[in-house]
file data.cif (mmCIF, C-alpha atoms)
data_run
#
loop_
_atom_site.label_atom_id
_atom_site.label_comp_id
_atom_site.auth_asym_id
_atom_site.auth_seq_id
_atom_site.Cartn_x
_atom_site.Cartn_y
_atom_site.Cartn_z
CA MET H 1 -10.96 -9.52 17.26
CA SER H 2 -12.92 -6.73 18.95
CA CYS H 3 -16.36 -6.37 20.39
CA THR H 4 -18.94 -4.54 18.33
CA SER H 5 -21.67 -4.61 20.95
CA ASN H 6 -22.09 -4.71 24.72
CA PRO H 7 -23.86 -7.86 26.03
CA PHE H 8 -24.89 -6.16 29.31
CA TRP H 9 -26.74 -3.05 28.12
CA HIS H 10 -27.65 -1.51 24.78
CA ASP H 11 -24.76 0.67 23.69
CA PRO H 12 -24.81 1.78 20.07
CA THR H 13 -23.07 -0.70 17.77
CA LYS H 14 -19.52 0.31 16.85
CA ASN H 15 -18.92 0.28 13.11
CA GLU H 16 -15.75 -1.42 11.97
CA LEU H 17 -13.40 1.00 10.25
CA ILE H 18 -12.12 -0.10 6.84
CA LEU H 19 -9.49 1.66 4.76
CA LYS H 20 -9.49 0.77 1.07
CA GLY H 21 -8.13 1.92 -2.25
CA ILE H 22 -6.17 1.05 -5.36
CA VAL H 23 -2.37 0.77 -5.64
CA THR H 24 -0.63 -0.32 -8.84
CA ALA H 25 2.88 -0.62 -10.21
CA GLU H 26 3.94 1.83 -12.90
CA ASN H 27 2.35 0.84 -16.24
CA LYS H 28 0.90 -2.17 -14.40
CA HIS H 29 4.25 -3.75 -15.24
CA THR H 30 4.12 -6.59 -12.71
CA ASP H 31 1.57 -9.11 -11.50
CA VAL H 32 3.22 -9.32 -8.08
CA PRO H 33 0.88 -8.07 -5.31
CA ILE H 34 1.85 -4.82 -3.61
CA SER H 35 2.44 -4.97 0.14
CA ILE H 36 0.57 -2.52 2.34
CA TRP H 37 1.48 -1.90 5.98
CA MET H 38 -0.21 0.40 8.47
CA GLU H 39 2.05 1.67 11.24
CA SER H 40 0.84 1.89 14.87
CA PHE H 41 -1.72 -0.86 14.19
CA ASP H 42 0.85 -3.19 12.62
CA GLN H 43 -1.77 -4.20 10.04
CA TYR H 44 -0.54 -5.82 6.82
CA THR H 45 -2.27 -6.81 3.59
CA ILE H 46 -1.58 -7.15 -0.13
CA THR H 47 -3.41 -5.98 -3.23
CA ASP H 48 -5.52 -8.25 -5.39
CA SER H 49 -4.80 -8.71 -9.11
CA ASP H 50 -6.50 -5.38 -9.92
CA GLY H 51 -4.58 -3.42 -7.26
CA ASN H 52 -7.45 -3.18 -4.75
CA PHE H 53 -6.72 -3.36 -1.04
CA SER H 54 -8.77 -3.29 2.13
CA ILE H 55 -7.50 -2.94 5.70
CA PRO H 56 -10.03 -3.55 8.48
CA ILE H 57 -9.15 -1.63 11.62
CA ASN H 58 -10.45 -3.80 14.42
CA ASN H 59 -9.04 -1.84 17.32
CA SER H 60 -8.53 1.92 17.12
CA GLN H 61 -7.47 2.16 20.74
CA SER H 62 -4.00 2.41 22.13
CA GLY H 63 -2.93 1.41 25.63
CA THR H 64 -3.83 4.90 26.84
CA GLY H 65 -7.23 5.14 25.14
CA HIS H 66 -8.54 5.98 21.70
CA ILE H 67 -5.91 6.79 19.11
CA SER H 68 -5.74 10.35 17.80
CA GLY H 69 -3.45 11.84 15.20
CA PRO H 70 -1.85 10.81 11.92
CA VAL H 71 -1.03 7.21 10.99
CA LYS H 72 1.07 6.33 7.93
CA ILE H 73 0.17 3.57 5.50
CA TYR H 74 3.09 2.34 3.39
CA PHE H 75 2.93 0.81 -0.10
CA PHE H 76 5.85 -1.38 -1.20
CA ILE H 77 6.94 -3.75 -3.93
CA TYR H 78 10.50 -4.86 -4.63
CA ASN H 79 12.43 -2.60 -7.06
CA TYR H 80 9.80 0.16 -6.86
CA ASN H 81 9.93 3.41 -4.87
CA LEU H 82 8.24 3.27 -1.48
CA ASP H 83 5.12 5.43 -1.22
CA SER H 84 2.78 6.25 1.63
CA ALA H 85 -0.50 7.88 2.55
CA THR H 86 -1.68 9.35 5.85
CA VAL H 87 -4.94 8.73 7.64
CA PHE H 88 -5.98 10.91 10.58
CA PHE H 89 -7.83 9.68 13.67
CA THR H 90 -9.72 11.57 16.36
CA ASN H 91 -10.68 9.60 19.47
CA GLY H 92 -10.48 6.28 17.62
CA GLU H 93 -12.58 7.38 14.62
CA LEU H 94 -11.58 8.69 11.21
CA SER H 95 -11.12 12.46 11.45
CA LYS H 96 -13.21 14.81 9.36
CA ASP H 97 -10.06 16.54 8.10
CA GLN H 98 -8.28 14.04 5.83
CA THR H 99 -5.70 14.58 3.09
CA ASP H 100 -5.22 11.15 1.49
CA PHE H 101 -8.40 9.32 2.53
CA SER H 102 -12.06 10.29 2.49
CA THR H 103 -13.94 10.44 5.79
CA ASN H 104 -15.37 6.98 5.06
CA GLY H 105 -11.91 5.42 4.54
CA ASP H 106 -11.51 5.44 0.75
CA LEU H 107 -8.09 6.36 -0.66
CA ILE H 108 -8.77 9.58 -2.60
CA LYS H 109 -6.17 9.14 -5.37
CA ARG H 110 -4.91 5.88 -6.86
CA VAL H 111 -1.28 5.29 -5.88
CA GLU H 112 1.11 4.26 -8.65
CA LEU H 113 4.52 3.02 -7.54
CA THR H 114 7.40 3.99 -9.83
CA LYS H 115 10.10 1.54 -10.83
CA ILE H 116 13.59 2.16 -9.44
CA LEU H 117 15.64 0.34 -12.08
CA SER H 118 14.91 -1.67 -15.19
CA GLY H 119 17.10 -2.79 -18.02
CA GLU H 120 17.68 -4.99 -21.00
CA MET H 121 20.65 -6.96 -22.24
CA GLU H 122 21.10 -7.58 -25.93
CA PHE H 123 23.71 -9.79 -27.60
CA GLN H 124 24.58 -9.37 -31.25
CA LEU H 125 26.70 -12.37 -32.21
CA LEU H 126 28.34 -12.82 -35.57
CA GLU H 127 28.51 -16.58 -34.98
CA ASN H 128 27.90 -18.99 -32.12
CA ARG H 129 31.05 -17.76 -30.34
CA PHE H 130 32.15 -14.38 -28.98
CA TYR H 131 34.61 -12.37 -31.05
CA ASP H 132 36.03 -8.92 -30.50
CA GLN H 133 33.61 -7.55 -33.13
CA ASP H 134 30.56 -8.86 -31.23
CA THR H 135 28.43 -6.38 -29.33
CA VAL H 136 26.97 -6.57 -25.85
CA LEU H 137 24.53 -3.75 -25.18
CA LEU H 138 23.21 -2.98 -21.70
CA THR H 139 20.46 -0.40 -21.27
CA PHE H 140 19.10 0.78 -17.92
CA ASP H 141 16.18 3.04 -17.19
CA GLY H 142 15.71 4.78 -13.89
#

call {"tool": "encode", "arguments": {"input": "data.cif", "output": "structure tokens"}}
result
Amino acid sequence: MSCTSNPFWHDPTKNELILKGIVTAENKHTDVPISIWMESFDQYTITDSDGNFSIPINNSQSGTGHISGPVKIYFFIYNYNLDSATVFFTNGELSKDQTDFSTNGDLIKRVELTKILSGEMEFQLLENRFYDQDTVLLTFDG
């Protein structure tokens, strides 16, 4: 929790920074939420059923003052390739020069995680028992 106002004199109110966007699995193939982790802040969240996420940044200060520079945000779901985006800070605020996020914290492009491995197994049995003429077919994509 962080302060957004000063109780002793009238400093301008500090706006809470929020990063948000949409992350989905390839072909929206799974209903499992995607994990999102923001390094340096150790913030973690998951997507909702439509792939939306929101990460409030309550404290953009480090032990030595306001954070400046790039911070990676990682997107992960089991059996899918890891992806990431970078957000840039200047003196604890979102920088004007961004590559993956807008200056108000919106992810510019939807992230779609690609599946690492998928497959199917098919049995073609002549009867209810295996014989040497029976076929087992394994197919893997990825």

call {"tool": "residues_around", "arguments": {"input": "data.cif", "residues": "Gln43 in chain H", "least_positions_apart": "2", "cutoff": "12 Å", "atoms": "only C-alpha atoms", "output": "ChimeraX atom specification"}}
result
/H:18-19,35-41,45-46,54-60,71-74

call {"tool": "resolve_selection", "arguments": {"input": "data.cif", "expression": "the PyMOL selection byres ((chain H and resi 109) around 12)", "output": "short mmCIF file (atom, residue, chain, number, x, y, z; two decimals) with C-alpha atoms, in the coordinates of the input"}}
result
data_model
loop_
_atom_site.label_atom_id
_atom_site.label_comp_id
_atom_site.auth_asym_id
_atom_site.auth_seq_id
_atom_site.Cartn_x
_atom_site.Cartn_y
_atom_site.Cartn_z
CA LYS H 20 -9.49 0.77 1.07
CA GLY H 21 -8.13 1.92 -2.25
CA ILE H 22 -6.17 1.05 -5.36
CA VAL H 23 -2.37 0.77 -5.64
CA THR H 24 -0.63 -0.32 -8.84
CA SER H 84 2.78 6.25 1.63
CA ALA H 85 -0.50 7.88 2.55
CA THR H 99 -5.70 14.58 3.09
CA ASP H 100 -5.22 11.15 1.49
CA PHE H 101 -8.40 9.32 2.53
CA SER H 102 -12.06 10.29 2.49
CA ASP H 106 -11.51 5.44 0.75
CA LEU H 107 -8.09 6.36 -0.66
CA ILE H 108 -8.77 9.58 -2.60
CA ARG H 110 -4.91 5.88 -6.86
CA VAL H 111 -1.28 5.29 -5.88
CA GLU H 112 1.11 4.26 -8.65
#

call {"tool": "resolve_selection", "arguments": {"input": "data.cif", "expression": "the PyMOL selection byres ((chain H and resi 120) around 8)", "output": "PyMOL selection string"}}
result
chain H and resi 118-119+121-122+138-140

call {"tool": "atom_distance", "arguments": {"input": "data.cif", "atom1": "CA of Ile67 in chain H", "atom2": "CA of Ser95 in chain H"}}
result
10.9 Å

call {"tool": "resolve_selection", "arguments": {"input": "data.cif", "expression": "the PyMOL selection byres ((chain H and resi 78) around 12)", "output": "PyMOL selection string"}}
result
chain H and resi 25+30+32-35+75-77+79-82+113-118

call {"tool": "closest_residue", "arguments": {"input": "data.cif", "among": "H:Ser68, H:Asn52, H:Asn104, H:Asn128", "to": "Asn91 in chain H", "atoms": "all atoms listed in the file"}}
result
H:Ser68

call {"tool": "atom_distance", "arguments": {"input": "data.cif", "atom1": "CA of Thr103 in chain H", "atom2": "CA of Thr47 in chain H"}}
result
21.5 Å

call {"tool": "atom_distance", "arguments": {"input": "data.cif", "atom1": "CA of Glu16 in chain H", "atom2": "CA of Asp50 in chain H"}}
result
24.1 Å
